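Colleague: What follows is model.cif, made up of mmCIF, N, CA and C atoms:
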data_protein
#
loop_
_atom_site.label_atom_id
_atom_site.label_comp_id
_atom_site.auth_asym_id
_atom_site.auth_seq_id
_atom_site.Cartn_x
_atom_site.Cartn_y
_atom_site.Cartn_z
N MET Z 1 -8.37 14.95 -5.49
CA MET Z 1 -9.32 13.87 -5.70
C MET Z 1 -8.54 12.60 -6.01
N GLY Z 2 -8.16 11.90 -5.01
CA GLY Z 2 -7.37 10.70 -5.22
C GLY Z 2 -8.01 9.49 -4.60
N GLY Z 3 -7.61 8.35 -5.04
CA GLY Z 3 -8.08 7.11 -4.46
C GLY Z 3 -9.50 6.75 -4.82
N LYS Z 4 -10.04 7.38 -5.83
CA LYS Z 4 -11.44 7.17 -6.15
C LYS Z 4 -11.71 5.80 -6.75
N HIS Z 5 -10.84 5.31 -7.58
CA HIS Z 5 -11.09 4.05 -8.28
C HIS Z 5 -10.37 2.86 -7.68
N GLY Z 6 -9.69 3.03 -6.57
CA GLY Z 6 -9.03 1.92 -5.92
C GLY Z 6 -7.71 1.52 -6.56
N LYS Z 7 -7.17 2.37 -7.41
CA LYS Z 7 -5.91 2.08 -8.07
C LYS Z 7 -4.75 2.18 -7.09
N TYR Z 8 -4.85 3.12 -6.17
CA TYR Z 8 -3.83 3.33 -5.15
C TYR Z 8 -4.47 3.25 -3.78
N VAL Z 9 -3.74 2.71 -2.83
CA VAL Z 9 -4.18 2.67 -1.43
C VAL Z 9 -2.97 3.02 -0.56
N TYR Z 10 -3.23 3.31 0.68
CA TYR Z 10 -2.16 3.51 1.65
C TYR Z 10 -2.15 2.30 2.57
N VAL Z 11 -0.96 1.83 2.92
CA VAL Z 11 -0.81 0.68 3.81
C VAL Z 11 -0.18 1.16 5.11
N ALA Z 12 -0.83 0.83 6.23
CA ALA Z 12 -0.33 1.19 7.54
C ALA Z 12 0.75 0.22 7.96
N ARG Z 13 1.95 0.75 8.23
CA ARG Z 13 3.04 -0.09 8.70
C ARG Z 13 3.00 -0.20 10.22
N LYS Z 14 3.74 -1.13 10.76
CA LYS Z 14 3.76 -1.34 12.22
C LYS Z 14 4.40 -0.19 12.97
N ASP Z 15 5.28 0.56 12.32
CA ASP Z 15 5.97 1.65 12.98
C ASP Z 15 5.20 2.97 12.98
N GLY Z 16 3.95 2.95 12.48
CA GLY Z 16 3.13 4.15 12.51
C GLY Z 16 3.14 4.97 11.23
N TRP Z 17 3.92 4.62 10.26
CA TRP Z 17 3.99 5.32 8.98
C TRP Z 17 3.03 4.66 7.99
N TYR Z 18 2.71 5.39 6.93
CA TYR Z 18 1.86 4.90 5.85
C TYR Z 18 2.64 5.01 4.54
N VAL Z 19 2.44 4.03 3.65
CA VAL Z 19 3.12 4.01 2.35
C VAL Z 19 2.06 3.89 1.26
N LYS Z 20 2.21 4.71 0.21
CA LYS Z 20 1.30 4.64 -0.92
C LYS Z 20 1.65 3.43 -1.77
N VAL Z 21 0.64 2.63 -2.14
CA VAL Z 21 0.86 1.38 -2.85
C VAL Z 21 -0.08 1.32 -4.05
N ARG Z 22 0.46 0.92 -5.20
CA ARG Z 22 -0.34 0.69 -6.41
C ARG Z 22 -0.89 -0.72 -6.33
N VAL Z 23 -2.20 -0.88 -6.58
CA VAL Z 23 -2.85 -2.19 -6.52
C VAL Z 23 -3.24 -2.59 -7.94
N PHE Z 24 -2.76 -3.75 -8.38
CA PHE Z 24 -3.12 -4.29 -9.69
C PHE Z 24 -4.29 -5.25 -9.50
N LYS Z 25 -5.42 -4.92 -10.06
CA LYS Z 25 -6.65 -5.67 -9.82
C LYS Z 25 -6.71 -6.99 -10.58
N ASN Z 26 -5.91 -7.16 -11.63
CA ASN Z 26 -6.00 -8.38 -12.44
C ASN Z 26 -5.12 -9.51 -11.91
N ARG Z 27 -4.57 -9.36 -10.71
CA ARG Z 27 -3.73 -10.40 -10.12
C ARG Z 27 -4.41 -10.97 -8.89
N GLY Z 28 -4.02 -12.18 -8.51
CA GLY Z 28 -4.62 -12.85 -7.36
C GLY Z 28 -4.28 -12.15 -6.04
N ASP Z 29 -5.10 -12.38 -5.02
CA ASP Z 29 -4.89 -11.73 -3.74
C ASP Z 29 -3.61 -12.19 -3.04
N ASP Z 30 -3.17 -13.40 -3.31
CA ASP Z 30 -1.96 -13.90 -2.66
C ASP Z 30 -0.69 -13.65 -3.49
N ASP Z 31 -0.82 -12.98 -4.63
CA ASP Z 31 0.32 -12.68 -5.49
C ASP Z 31 1.05 -11.45 -4.95
N PRO Z 32 2.34 -11.55 -4.60
CA PRO Z 32 3.05 -10.38 -4.07
C PRO Z 32 3.25 -9.28 -5.10
N GLU Z 33 3.13 -9.59 -6.38
CA GLU Z 33 3.27 -8.59 -7.43
C GLU Z 33 2.02 -7.72 -7.58
N LYS Z 34 0.97 -8.03 -6.85
CA LYS Z 34 -0.26 -7.24 -6.91
C LYS Z 34 -0.07 -5.88 -6.25
N TYR Z 35 0.83 -5.80 -5.29
CA TYR Z 35 1.05 -4.58 -4.52
C TYR Z 35 2.44 -4.02 -4.81
N LEU Z 36 2.50 -2.79 -5.35
CA LEU Z 36 3.76 -2.16 -5.70
C LEU Z 36 3.87 -0.82 -4.97
N PRO Z 37 4.76 -0.70 -3.99
CA PRO Z 37 4.93 0.59 -3.30
C PRO Z 37 5.46 1.64 -4.27
N VAL Z 38 4.83 2.81 -4.27
CA VAL Z 38 5.22 3.86 -5.21
C VAL Z 38 5.57 5.17 -4.53
N GLY Z 39 5.14 5.38 -3.32
CA GLY Z 39 5.33 6.69 -2.72
C GLY Z 39 6.21 6.68 -1.50
N PRO Z 40 6.55 7.85 -1.03
CA PRO Z 40 7.33 7.93 0.21
C PRO Z 40 6.43 7.66 1.41
N LYS Z 41 7.05 7.40 2.54
CA LYS Z 41 6.27 7.17 3.74
C LYS Z 41 5.76 8.51 4.27
N VAL Z 42 4.55 8.48 4.81
CA VAL Z 42 3.93 9.69 5.35
C VAL Z 42 3.32 9.36 6.71
N ARG Z 43 3.11 10.38 7.51
CA ARG Z 43 2.50 10.18 8.83
C ARG Z 43 0.98 10.08 8.76
N GLU Z 44 0.36 10.86 7.91
CA GLU Z 44 -1.10 10.87 7.76
C GLU Z 44 -1.48 10.67 6.30
N PRO Z 45 -2.24 9.64 5.98
CA PRO Z 45 -2.67 9.46 4.59
C PRO Z 45 -3.81 10.42 4.27
N PRO Z 46 -3.99 10.76 3.00
CA PRO Z 46 -5.14 11.58 2.62
C PRO Z 46 -6.44 10.86 2.94
N PHE Z 47 -7.45 11.61 3.33
CA PHE Z 47 -8.70 10.99 3.76
C PHE Z 47 -9.49 10.38 2.61
N THR Z 48 -9.14 10.68 1.36
CA THR Z 48 -9.87 10.13 0.22
C THR Z 48 -9.37 8.74 -0.17
N PHE Z 49 -8.27 8.28 0.42
CA PHE Z 49 -7.70 6.99 0.06
C PHE Z 49 -8.11 5.92 1.05
N GLN Z 50 -8.23 4.70 0.54
CA GLN Z 50 -8.48 3.54 1.39
C GLN Z 50 -7.18 3.18 2.11
N VAL Z 51 -7.29 2.78 3.38
CA VAL Z 51 -6.12 2.40 4.17
C VAL Z 51 -6.21 0.92 4.50
N LEU Z 52 -5.16 0.17 4.13
CA LEU Z 52 -5.08 -1.25 4.43
C LEU Z 52 -4.08 -1.48 5.55
N SER Z 53 -4.23 -2.58 6.24
CA SER Z 53 -3.28 -2.97 7.26
C SER Z 53 -2.14 -3.76 6.61
N GLU Z 54 -0.99 -3.72 7.23
CA GLU Z 54 0.16 -4.45 6.71
C GLU Z 54 -0.09 -5.95 6.69
N GLU Z 55 -0.89 -6.45 7.61
CA GLU Z 55 -1.18 -7.88 7.69
C GLU Z 55 -2.05 -8.37 6.54
N ASP Z 56 -2.70 -7.46 5.81
CA ASP Z 56 -3.54 -7.84 4.67
C ASP Z 56 -2.72 -8.20 3.44
N LEU Z 57 -1.44 -7.86 3.42
CA LEU Z 57 -0.58 -8.10 2.27
C LEU Z 57 0.20 -9.40 2.44
N PRO Z 58 0.60 -10.02 1.32
CA PRO Z 58 1.47 -11.21 1.40
C PRO Z 58 2.83 -10.86 2.01
N GLU Z 59 3.52 -11.85 2.53
CA GLU Z 59 4.79 -11.63 3.23
C GLU Z 59 5.84 -10.95 2.34
N GLU Z 60 5.93 -11.33 1.08
CA GLU Z 60 6.93 -10.73 0.18
C GLU Z 60 6.63 -9.26 -0.07
N ALA Z 61 5.36 -8.90 -0.12
CA ALA Z 61 4.98 -7.51 -0.36
C ALA Z 61 5.24 -6.65 0.87
N ARG Z 62 5.16 -7.23 2.06
CA ARG Z 62 5.42 -6.47 3.30
C ARG Z 62 6.86 -5.99 3.36
N ALA Z 63 7.79 -6.81 2.90
CA ALA Z 63 9.20 -6.43 2.93
C ALA Z 63 9.47 -5.20 2.07
N LYS Z 64 8.74 -5.05 0.98
CA LYS Z 64 8.92 -3.89 0.09
C LYS Z 64 8.47 -2.60 0.75
N LEU Z 65 7.57 -2.66 1.71
CA LEU Z 65 7.06 -1.45 2.36
C LEU Z 65 8.15 -0.73 3.14
N TYR Z 66 9.13 -1.46 3.64
CA TYR Z 66 10.17 -0.86 4.47
C TYR Z 66 11.37 -0.38 3.69
N GLN Z 67 11.30 -0.37 2.38
CA GLN Z 67 12.36 0.19 1.56
C GLN Z 67 12.24 1.70 1.43
N PHE Z 68 11.11 2.26 1.87
CA PHE Z 68 10.90 3.70 1.80
C PHE Z 68 11.14 4.35 3.13
#
Show me the file's structure as structure tokens.
Modeller:
Amino acid sequence: MGGKHGKYVYVARKDGWYVKVRVFKNRGDDDPEKYLPVGPKVREPPFTFQVLSEEDLPEEARAKLYQF
């Protein structure tokens, strides 16, 4: 039972992988610190989690997705 409260989401990268990301709700949408990658990359995200596109994140946050 994950992803119920929107604390974590999966972000789809351009290369076909997904990365688990912690979302801080008390920060602005354009703040790169709002999104913190926490998990390894996976091919298929769990169906209970919300999936965001890489383009929905600020540019600084996108670079962090490729460290996994």
Colleague: Exactly which residues make up the result of the PyMOL selection byres (((chain Z and resi 43-52 and name CA) around 10) and name CA) on this file, given as an NGL selection string?
Modeller: :Z and (1-13 or 16-21 or 41-42 or 53-57)
Colleague: Within 8 Å of Asp30 in chain Z, counting all atoms listed in the file, which residues qualify if same-chain residues fewer than 4 places away don't, as number ranges by chain?
Modeller: Z: 34, 57-59
Colleague: For the structure I just gave you, how does DSSP split chain Z - specifically, which residues are strand (DSSP E)? Reply as a list in words.
Modeller: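 Across chain Z, those assigned strand (DSSP E) are Tyr8, Val9, Tyr10, Val11, Ala12, Tyr18, Val19, Lys20, Val21, Arg22, Val23, Tyr35, Leu36, Pro37, Val38, Gly39, Pro40, Lys41, Val42, Val51, Leu52 and Ser53 of chain Z.
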Colleague: Mind pulling up the distance from CA of Pro32 in chain Z to CA of Glu60 in chain Z?
Modeller: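 Distance between the two atoms: 5.8 Å.
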Colleague: What is the distance between atom C of Asp15 in chain Z and CA of Arg27 in chain Z, in Å to one decimal?
Modeller: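 Distance between the two atoms: 28.1 Å.
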Colleague: Taking only N, CA and C atoms into account, name the residue in Z:Arg62, Z:Arg22, Z:Lys14, Z:Phe68 that is nearest to Pro37 in chain Z.
Modeller: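 The closest residue to Pro37 in chain Z is Z:Arg22.
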Colleague: Step one, run DSSP on the backbone; step two, keep only residues of chain Z assigned to alpha helix (DSSP H); then write them as a list in words.
Modeller: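 DSSP-assigned alpha helix (DSSP H) residues in chain Z: Glu59, Glu60, Ala61, Arg62, Ala63, Lys64 and Leu65 of chain Z.
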